[in-house]
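File shown: start_3.cif (mmCIF, C-alpha atoms).
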```cif
data_start
loop_
_atom_site.label_atom_id
_atom_site.label_comp_id
_atom_site.auth_asym_id
_atom_site.auth_seq_id
_atom_site.Cartn_x
_atom_site.Cartn_y
_atom_site.Cartn_z
CA MET M 231 -26.25 -15.94 -2.28
CA ILE M 232 -24.58 -13.31 -0.09
CA HIS M 233 -22.00 -12.49 -2.75
CA ARG M 234 -24.68 -11.27 -5.18
CA THR M 235 -26.42 -9.28 -2.46
CA ILE M 236 -23.18 -7.51 -1.53
CA GLN M 237 -22.27 -6.86 -5.16
CA GLU M 238 -25.72 -5.43 -5.93
CA ALA M 239 -25.56 -3.15 -2.88
CA TYR M 240 -22.05 -2.07 -3.85
CA THR M 241 -23.28 -1.22 -7.36
CA ARG M 242 -26.28 0.73 -6.02
CA GLY M 243 -24.08 2.67 -3.62
CA LEU M 244 -21.68 3.68 -6.38
CA ALA M 245 -24.60 4.59 -8.66
CA ASP M 246 -25.91 6.87 -5.90
CA GLU M 247 -22.55 8.64 -6.06
CA GLY M 248 -22.76 8.98 -9.86
CA VAL M 249 -20.34 6.18 -10.76
CA ALA M 250 -21.25 4.26 -13.93
CA ASP M 251 -21.73 0.54 -13.40
CA ASP M 252 -19.92 -0.70 -16.52
CA HIS M 253 -16.86 -1.86 -14.55
CA VAL M 254 -18.29 -2.12 -11.04
CA ALA M 255 -18.57 -5.92 -10.98
CA ALA M 256 -14.98 -6.40 -12.11
CA GLY M 257 -13.76 -3.80 -9.61
CA TYR M 258 -15.70 -5.39 -6.79
CA VAL M 259 -14.39 -8.89 -7.53
CA THR M 260 -10.84 -7.64 -8.04
CA THR M 261 -10.95 -5.86 -4.68
CA LEU M 262 -12.38 -8.97 -3.02
CA VAL M 263 -9.63 -11.17 -4.46
CA LEU M 264 -6.83 -8.78 -3.53
CA ARG M 265 -8.08 -8.10 -0.01
CA SER M 266 -9.45 -11.47 1.02
CA ALA M 267 -8.26 -14.45 -1.00
CA PHE M 268 -4.72 -14.42 0.33
CA THR M 269 -5.74 -13.92 3.95
CA ALA M 270 -8.63 -16.40 4.06
CA ILE M 271 -6.44 -19.35 5.00
CA PRO M 272 -5.15 -18.95 8.58
CA VAL M 273 -1.54 -19.93 7.87
CA GLU M 274 -0.47 -18.46 11.21
CA ARG M 275 -2.17 -21.46 12.86
CA LEU M 276 -0.29 -24.15 10.90
CA GLY M 277 2.03 -24.90 13.82
CA GLU M 278 -0.79 -25.58 16.28
CA PRO M 279 -1.79 -29.06 17.38
CA VAL M 280 -4.43 -30.52 15.08
CA THR M 281 -7.88 -30.51 16.67
CA ASP M 282 -11.36 -31.07 15.28
CA GLY M 283 -12.00 -27.34 15.58
CA LEU M 284 -8.83 -26.42 13.71
CA GLN M 285 -9.60 -28.93 10.96
CA TYR M 286 -13.09 -27.45 10.65
CA LEU M 287 -11.68 -23.91 10.48
CA PHE M 288 -9.23 -24.87 7.73
CA ARG M 289 -11.92 -26.68 5.71
CA LYS M 290 -14.18 -23.63 5.87
CA ARG M 291 -11.42 -21.15 5.10
CA VAL M 292 -9.99 -23.18 2.21
CA GLY M 293 -13.50 -23.32 0.78
CA LEU M 294 -13.79 -19.56 1.13
CA ALA M 295 -10.42 -19.01 -0.55
CA ARG M 296 -11.46 -21.31 -3.40
CA PHE M 297 -14.75 -19.45 -3.84
CA ILE M 298 -12.96 -16.10 -4.00
CA ALA M 299 -10.30 -17.44 -6.39
CA ASP M 300 -12.99 -18.83 -8.67
CA LEU M 301 -14.67 -15.42 -8.75
CA GLY M 302 -11.37 -13.89 -9.82
CA LEU M 303 -10.78 -16.53 -12.47
CA ALA M 304 -14.20 -15.80 -13.95
CA LEU M 305 -13.29 -12.17 -14.73
#
```
Would you encode the structure as structure tokens?
Amino acid sequence: MIHRTIQEAYTRGLADEGVADDHVAAGYVTTLVLRSAFTAIPVERLGEPVTDGLQYLFRKRVGLARFIADLGLAL
């Protein structure tokens, strides 16, 4: 899963800089939630005509937002 790969790399990078990893996972997920969850859904496109492509985009982005929110809820 890409999430685990990114989190592990993030942890290794901070360890290389001397940062202890006791709160790294929580910090990573918190940052992800704050930076990405609220912008994942393209609300700026809500006024556009509904097309198959737009429906697909919204399905994918809502799924992404749900994934990120679930990570945050698991903290």
Legend entry - Sphere at (-6.1, -14.8, 2.1), radius 12 Å, counting all atoms listed in the file: residues as a VMD selection string: chain M and resid 262 to 274 288 291 to 299
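Near stretch 233-246 of chain M, within 12 Å and counting all atoms listed in the file, sit Asp251, Asp252, His253, Val254, Ala255, Ala256, Gly257, Tyr258, Val259, Thr260, Thr261, Leu262, Leu294, Phe297, Ile298 and Leu301 of chain M; same-chain residues fewer than 5 positions away were not included.
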Inset, instruction - Would you work out the distance separating atom CA of M:Gln285 from atom CA of M:Met231, expressed in Å to one decimal? - result: 24.9 Å
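Note that atom CA of M:Leu287 and atom CA of M:Arg275 are 10.1 Å apart.
Across the structure, atom CA of M:Asp300 and atom CA of M:Ile232 are spaced 15.4 Å apart.
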